[in-house]
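Colleague: After the structure tokens below, expect a handful of questions from me.
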Amino acid sequence: MAEAQSGTTTREAAPVRLSVLDLATVGSGRTAGQALATTVELARLAERRGYHRFWVAEHHSMPGVASSSPAVILAHLAAHTDRIRLGSGGVMLPNHAPLVIAEQFGTLEAFAPGRIDLGLGRAPGTDGATAAALRRTDRLGEGADEFPLQLAELTRFLDDDFPDGHPYARIHAVPGPVQGRVPGGVQRAGRPAVWLLGSSGFSARLAGALGLPFSFAHHFSAANTLPALELYRSSFRPSAVLDRPYAKIGVQALAADTAEEARRQVMTSALSMLRLRGGRPGLVPTPEEAEAYDWSEPEREFVADWLGNVVHGTADEVRAGLDALAARTGVDELMITANVHGAEAKVRSVSLIADAYGMPGGAA
């Protein structure tokens, strides 16, 4: 590698765009307010260090996740950042009326023009009983089955282009395009960028058919990553949005000053995931709690399998793992996330990964 003028080694740029996903995870001994403050800190850091976008995700009835209201969090992040793209990863469309989402994200677009992504999923983001409480119905399968129709309706509201004679032709999402068509109206061109999210093939195929960007949840469905990406690419049809496929994957990644410390931190996430899968969601445990936990043999096997898809270690080790994942999947973007305890480990990781790629804003 070439030598920089300062005498330090010049780092090669990342082979793909790098972004950050945060769930505002609440650790043991911490409050939701502290978790959300960390999310703001991470977003500002990601902007300073040149990450491409920063997303939050919708989850419900989980004590250890404070990101139940993405639109509210994104409005706050928009007020504390200037350039980085902000978005949902995602909003669970079956949980909400399309008009409400169009209004929320039209408002966000008005706050931060050209910076808002609307990532949409069809899963509930929670358990069945909570989903029923959100939707005021016990017909939970209906929401997922009707996802393409809900997506079409949402898109019509965002574009304000229901055809004449449609029941919603005289209904307008505001802020939105209608404001530029009324007498004296001035409306900035553009709207939130719509993404489809998925952990299986359904949304991959739909995103391809509609010519939309696609984000796959590699961080919790790694076995389906390559098949879903192939399905997206083979299904892709050029659109007004994209002329070629654009794919991103979420990946659990944590860098620390030593490999031992990185593993110590990710074990907090492993224990949290184990409890969630066992129907016992709670706060993210401390590293000390994870170290003291009496793991059964089946639990050890679960964790070993789960850790196999978590890129962790020193900054250089994480860079190597991310580069290999980008090459193996052929994606256009990697979105890193680390659902570990506390703020310090998350913030340090985002900085170390940026350092490993020579991204701007690091120490001289």
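As shown in the structure tokens, the chain order sets the letters A, B, ...; within each chain, residues go from 1, and ligands are also counted from 1 in the order they appear.
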Got a sec: who's within 9 Å of Met273 in chain A, counting only C-alpha atoms, leaving out chain neighbours fewer than 5 positions off, as number ranges by chain?

Modeller: A: 268, 278, 281, 284, 303, 306

Colleague: Per DSSP on the backbone, filter range 125-250 of chain A down to the residues in strand (DSSP E or B) and report them as a ChimeraX atom specification.

Modeller: /A:193-198,214-216,247-250

Colleague: Go ahead and dump the residues you just picked, N, CA and C atoms, as a PDB file, in the first residue's frame.

Modeller:
```pdb
ATOM      1  N   ALA A 193     -37.261   7.690  -0.616  1.00  0.00           N
ATOM      2  CA  ALA A 193     -36.878   6.532  -1.436  1.00  0.00           C
ATOM      3  C   ALA A 193     -37.443   5.267  -0.805  1.00  0.00           C
ATOM      4  N   VAL A 194     -38.198   4.513  -1.564  1.00  0.00           N
ATOM      5  CA  VAL A 194     -38.826   3.288  -1.055  1.00  0.00           C
ATOM      6  C   VAL A 194     -37.904   2.097  -1.283  1.00  0.00           C
ATOM      7  N   TRP A 195     -37.674   1.334  -0.231  1.00  0.00           N
ATOM      8  CA  TRP A 195     -36.921   0.084  -0.252  1.00  0.00           C
ATOM      9  C   TRP A 195     -37.838  -1.042   0.210  1.00  0.00           C
ATOM     10  N   LEU A 196     -37.565  -2.247  -0.278  1.00  0.00           N
ATOM     11  CA  LEU A 196     -38.209  -3.422   0.291  1.00  0.00           C
ATOM     12  C   LEU A 196     -37.182  -4.197   1.091  1.00  0.00           C
ATOM     13  N   LEU A 197     -37.617  -4.668   2.267  1.00  0.00           N
ATOM     14  CA  LEU A 197     -36.767  -5.453   3.153  1.00  0.00           C
ATOM     15  C   LEU A 197     -37.260  -6.882   3.177  1.00  0.00           C
ATOM     16  N   GLY A 198     -36.365  -7.818   3.457  1.00  0.00           N
ATOM     17  CA  GLY A 198     -36.804  -9.195   3.532  1.00  0.00           C
ATOM     18  C   GLY A 198     -35.803 -10.097   4.210  1.00  0.00           C
ATOM     19  N   PHE A 214     -33.331  -3.350  -2.728  1.00  0.00           N
ATOM     20  CA  PHE A 214     -33.677  -4.455  -1.831  1.00  0.00           C
ATOM     21  C   PHE A 214     -32.638  -4.572  -0.730  1.00  0.00           C
ATOM     22  N   SER A 215     -33.108  -4.731   0.507  1.00  0.00           N
ATOM     23  CA  SER A 215     -32.228  -4.915   1.648  1.00  0.00           C
ATOM     24  C   SER A 215     -32.551  -6.244   2.308  1.00  0.00           C
ATOM     25  N   PHE A 216     -31.550  -7.110   2.436  1.00  0.00           N
ATOM     26  CA  PHE A 216     -31.776  -8.439   3.009  1.00  0.00           C
ATOM     27  C   PHE A 216     -31.192  -8.536   4.409  1.00  0.00           C
ATOM     28  N   ALA A 247     -28.638  -3.913  -4.261  1.00  0.00           N
ATOM     29  CA  ALA A 247     -28.865  -4.782  -3.110  1.00  0.00           C
ATOM     30  C   ALA A 247     -27.953  -4.399  -1.952  1.00  0.00           C
ATOM     31  N   LYS A 248     -28.538  -4.449  -0.764  1.00  0.00           N
ATOM     32  CA  LYS A 248     -27.831  -4.176   0.476  1.00  0.00           C
ATOM     33  C   LYS A 248     -28.145  -5.309   1.452  1.00  0.00           C
ATOM     34  N   ILE A 249     -27.196  -5.632   2.312  1.00  0.00           N
ATOM     35  CA  ILE A 249     -27.473  -6.615   3.358  1.00  0.00           C
ATOM     36  C   ILE A 249     -27.084  -6.052   4.715  1.00  0.00           C
ATOM     37  N   GLY A 250     -27.868  -6.428   5.734  1.00  0.00           N
ATOM     38  CA  GLY A 250     -27.519  -6.106   7.104  1.00  0.00           C
ATOM     39  C   GLY A 250     -26.588  -7.178   7.652  1.00  0.00           C
TER      40      GLY A 250
END
```

Colleague: When distances are computed from only C-alpha atoms, which of A:Ile101, A:Leu18, A:Val65, A:Ala228 shows the smallest separation from Arg30 in chain A?

Modeller: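 Using only C-alpha atoms, Arg30 in chain A sits closest to A:Val65.
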
Colleague: Once DSSP has gone over the backbone, tell me which residues of range 158-239 of chain A are in helix (DSSP H, G or I), as an MDAnalysis selection string.

Modeller: chainID A and resid 158:159 177:180 201:210 222:235

Colleague: For the selection just defined, write its residues with N, CA, C and O atoms to a file, as a compact mmCIF listing (two decimals), in the first residue's frame.

Modeller:
```
# COMPACT_ATOMS: atom_id res chain seq x y z
N LEU A 158 -47.84 8.39 -1.81
CA LEU A 158 -46.59 9.13 -1.88
C LEU A 158 -46.50 9.96 -3.16
O LEU A 158 -45.98 11.08 -3.17
N ASP A 159 -47.00 9.39 -4.27
CA ASP A 159 -46.96 10.09 -5.56
C ASP A 159 -48.20 10.94 -5.81
O ASP A 159 -48.24 11.70 -6.79
N PRO A 177 -47.09 15.79 -2.82
CA PRO A 177 -47.14 16.46 -4.13
C PRO A 177 -48.35 17.35 -4.35
O PRO A 177 -48.28 18.30 -5.13
N VAL A 178 -49.47 17.06 -3.69
CA VAL A 178 -50.67 17.87 -3.91
C VAL A 178 -50.41 19.34 -3.59
O VAL A 178 -51.03 20.23 -4.18
N GLN A 179 -49.48 19.61 -2.69
CA GLN A 179 -49.23 21.00 -2.30
C GLN A 179 -48.59 21.82 -3.41
O GLN A 179 -48.64 23.04 -3.38
N GLY A 180 -48.02 21.14 -4.39
CA GLY A 180 -47.47 21.85 -5.54
C GLY A 180 -48.46 22.05 -6.66
O GLY A 180 -48.16 22.73 -7.65
N GLY A 201 -37.54 -15.10 0.28
CA GLY A 201 -37.61 -14.77 -1.13
C GLY A 201 -38.77 -13.89 -1.55
O GLY A 201 -38.76 -13.33 -2.64
N PHE A 202 -39.80 -13.75 -0.71
CA PHE A 202 -41.01 -13.04 -1.12
C PHE A 202 -40.71 -11.59 -1.52
O PHE A 202 -41.02 -11.16 -2.63
N SER A 203 -40.11 -10.83 -0.60
CA SER A 203 -39.82 -9.43 -0.90
C SER A 203 -38.72 -9.29 -1.93
O SER A 203 -38.67 -8.28 -2.66
N ALA A 204 -37.81 -10.27 -2.01
CA ALA A 204 -36.77 -10.23 -3.03
C ALA A 204 -37.39 -10.25 -4.43
O ALA A 204 -37.03 -9.45 -5.30
N ARG A 205 -38.31 -11.16 -4.63
CA ARG A 205 -38.98 -11.25 -5.93
C ARG A 205 -39.80 -10.00 -6.23
O ARG A 205 -39.78 -9.46 -7.34
N LEU A 206 -40.52 -9.51 -5.21
CA LEU A 206 -41.36 -8.34 -5.41
C LEU A 206 -40.52 -7.10 -5.70
O LEU A 206 -40.85 -6.30 -6.60
N ALA A 207 -39.43 -6.92 -4.96
CA ALA A 207 -38.55 -5.78 -5.20
C ALA A 207 -37.98 -5.83 -6.61
O ALA A 207 -37.89 -4.80 -7.30
N GLY A 208 -37.60 -7.02 -7.07
CA GLY A 208 -37.09 -7.15 -8.42
C GLY A 208 -38.13 -6.82 -9.46
O GLY A 208 -37.86 -6.08 -10.42
N ALA A 209 -39.32 -7.33 -9.29
CA ALA A 209 -40.39 -7.10 -10.26
C ALA A 209 -40.76 -5.62 -10.35
O ALA A 209 -41.12 -5.13 -11.43
N LEU A 210 -40.66 -4.90 -9.22
CA LEU A 210 -41.03 -3.49 -9.20
C LEU A 210 -39.84 -2.57 -9.49
O LEU A 210 -40.02 -1.34 -9.55
N ALA A 222 -28.96 -15.67 7.58
CA ALA A 222 -27.80 -15.81 6.70
C ALA A 222 -27.93 -16.96 5.70
O ALA A 222 -27.43 -16.87 4.58
N ALA A 223 -28.61 -18.02 6.08
CA ALA A 223 -28.74 -19.17 5.18
C ALA A 223 -29.52 -18.82 3.92
O ALA A 223 -29.36 -19.48 2.88
N ASN A 224 -30.36 -17.80 4.00
CA ASN A 224 -31.19 -17.42 2.86
C ASN A 224 -30.61 -16.27 2.04
O ASN A 224 -31.21 -15.86 1.04
N THR A 225 -29.45 -15.76 2.43
CA THR A 225 -28.92 -14.56 1.79
C THR A 225 -28.68 -14.76 0.30
O THR A 225 -29.21 -14.00 -0.54
N LEU A 226 -27.87 -15.73 -0.06
CA LEU A 226 -27.52 -15.90 -1.47
C LEU A 226 -28.72 -16.26 -2.34
O LEU A 226 -28.90 -15.69 -3.42
N PRO A 227 -29.60 -17.19 -1.90
CA PRO A 227 -30.79 -17.47 -2.71
C PRO A 227 -31.67 -16.24 -2.91
O PRO A 227 -32.20 -16.01 -4.00
N ALA A 228 -31.85 -15.44 -1.86
CA ALA A 228 -32.70 -14.25 -1.98
C ALA A 228 -32.09 -13.22 -2.92
O ALA A 228 -32.80 -12.61 -3.74
N LEU A 229 -30.79 -13.01 -2.83
CA LEU A 229 -30.14 -12.06 -3.72
C LEU A 229 -30.21 -12.52 -5.17
O LEU A 229 -30.44 -11.71 -6.08
N GLU A 230 -30.04 -13.80 -5.40
CA GLU A 230 -30.15 -14.33 -6.76
C GLU A 230 -31.57 -14.15 -7.29
O GLU A 230 -31.78 -13.78 -8.46
N LEU A 231 -32.54 -14.40 -6.45
CA LEU A 231 -33.94 -14.23 -6.85
C LEU A 231 -34.23 -12.76 -7.17
O LEU A 231 -34.92 -12.45 -8.15
N TYR A 232 -33.72 -11.86 -6.36
CA TYR A 232 -33.90 -10.43 -6.62
C TYR A 232 -33.31 -10.04 -7.97
O TYR A 232 -33.96 -9.38 -8.79
N ARG A 233 -32.09 -10.46 -8.21
CA ARG A 233 -31.42 -10.07 -9.46
C ARG A 233 -32.08 -10.69 -10.68
O ARG A 233 -32.24 -10.04 -11.71
N SER A 234 -32.49 -11.96 -10.56
CA SER A 234 -33.12 -12.61 -11.72
C SER A 234 -34.52 -12.07 -11.99
O SER A 234 -35.01 -12.14 -13.12
N SER A 235 -35.17 -11.54 -10.95
CA SER A 235 -36.53 -11.00 -11.09
C SER A 235 -36.53 -9.53 -11.50
O SER A 235 -37.59 -8.98 -11.81
```

Colleague: Quick one: of A:Arg83, A:Arg11, A:Arg181, A:Lys346, who's nearest to Arg53 in chain A, counting only C-alpha atoms?

Modeller: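 Among the listed residues, A:Arg83 lies closest to Arg53 in chain A.
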
Colleague: Please, what distance in Å, to one decimal, runs between CA of Gly64 in chain A and CA of Gly313 in chain A?

Modeller: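 It comes out at 24.1 Å.
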
Colleague: Distance CA of Glu41 in chain A-CA of Ala123 in chain A, one decimal place?

Modeller: 28.5 Å

Colleague: Using only C-alpha atoms, which residues sit within 9 Å of Glu47 in chain A once same-chain residues fewer than 6 positions away are excluded, as a compact mmCIF listing (two decimals) with N, CA, C and O atoms, in the first residue's frame?

Modeller:
```
# COMPACT_ATOMS: atom_id res chain seq x y z
N ARG A 53 -25.56 5.83 5.00
CA ARG A 53 -26.90 6.03 5.56
C ARG A 53 -26.96 5.45 6.97
O ARG A 53 -26.12 4.63 7.36
N PHE A 54 -27.97 5.88 7.70
CA PHE A 54 -28.19 5.42 9.07
C PHE A 54 -29.67 5.09 9.21
O PHE A 54 -30.53 5.95 9.00
N THR A 81 -28.46 15.91 12.46
CA THR A 81 -27.53 15.59 11.38
C THR A 81 -27.80 16.54 10.22
O THR A 81 -28.84 17.22 10.18
N ASP A 82 -26.88 16.55 9.25
CA ASP A 82 -27.01 17.47 8.12
C ASP A 82 -26.98 16.81 6.76
O ASP A 82 -27.59 17.31 5.82
N ARG A 83 -26.25 15.69 6.62
CA ARG A 83 -26.01 15.15 5.29
C ARG A 83 -26.38 13.67 5.14
O ARG A 83 -26.80 13.25 4.07
N ILE A 84 -26.15 12.89 6.15
CA ILE A 84 -26.30 11.44 6.02
C ILE A 84 -27.75 11.08 5.71
O ILE A 84 -28.69 11.73 6.18
N ARG A 85 -27.96 10.05 4.89
CA ARG A 85 -29.30 9.56 4.63
C ARG A 85 -29.83 8.87 5.88
O ARG A 85 -29.09 8.16 6.57
```

Colleague: Considering only C-alpha atoms, state which residue in the set A:Ala79, A:Ala356, A:Ala240, A:Leu120 is at the smallest distance from Arg49 in chain A.

Modeller: A:Ala356

Colleague: Using only C-alpha atoms, can you tell me which of A:Val16, A:Thr337, A:Gly90, A:Arg275 comes closest to Tyr357 in chain A?

Modeller: A:Val16

Colleague: Please build the interface table for range 248-275 of chain A against range 287-291 of chain A with a cut-off of 12 Å, listing for each qualifying residue the nearest atom pair and the distance in Å to one decimal; count only C-alpha atoms, order rows by chain and increasing number, and write it as JSON lines.

Modeller:
```
{"residue": "A:Glu260", "atom": "CA", "partner": "A:Pro287", "partner_atom": "CA", "distance": 11.9}
{"residue": "A:Glu261", "atom": "CA", "partner": "A:Pro287", "partner_atom": "CA", "distance": 9.7}
{"residue": "A:Ala262", "atom": "CA", "partner": "A:Pro287", "partner_atom": "CA", "distance": 10.6}
{"residue": "A:Arg263", "atom": "CA", "partner": "A:Pro287", "partner_atom": "CA", "distance": 9.7}
{"residue": "A:Arg264", "atom": "CA", "partner": "A:Pro287", "partner_atom": "CA", "distance": 6.2}
{"residue": "A:Gln265", "atom": "CA", "partner": "A:Pro287", "partner_atom": "CA", "distance": 6.0}
{"residue": "A:Val266", "atom": "CA", "partner": "A:Pro287", "partner_atom": "CA", "distance": 8.5}
{"residue": "A:Met267", "atom": "CA", "partner": "A:Ala290", "partner_atom": "CA", "distance": 6.2}
{"residue": "A:Thr268", "atom": "CA", "partner": "A:Ala290", "partner_atom": "CA", "distance": 5.6}
{"residue": "A:Ser269", "atom": "CA", "partner": "A:Ala290", "partner_atom": "CA", "distance": 8.9}
{"residue": "A:Ala270", "atom": "CA", "partner": "A:Ala290", "partner_atom": "CA", "distance": 8.5}
{"residue": "A:Leu271", "atom": "CA", "partner": "A:Ala290", "partner_atom": "CA", "distance": 6.5}
{"residue": "A:Ser272", "atom": "CA", "partner": "A:Ala290", "partner_atom": "CA", "distance": 9.0}
{"residue": "A:Met273", "atom": "CA", "partner": "A:Ala290", "partner_atom": "CA", "distance": 11.7}
{"residue": "A:Leu274", "atom": "CA", "partner": "A:Ala290", "partner_atom": "CA", "distance": 11.2}
{"residue": "A:Arg275", "atom": "CA", "partner": "A:Ala290", "partner_atom": "CA", "distance": 11.6}
```
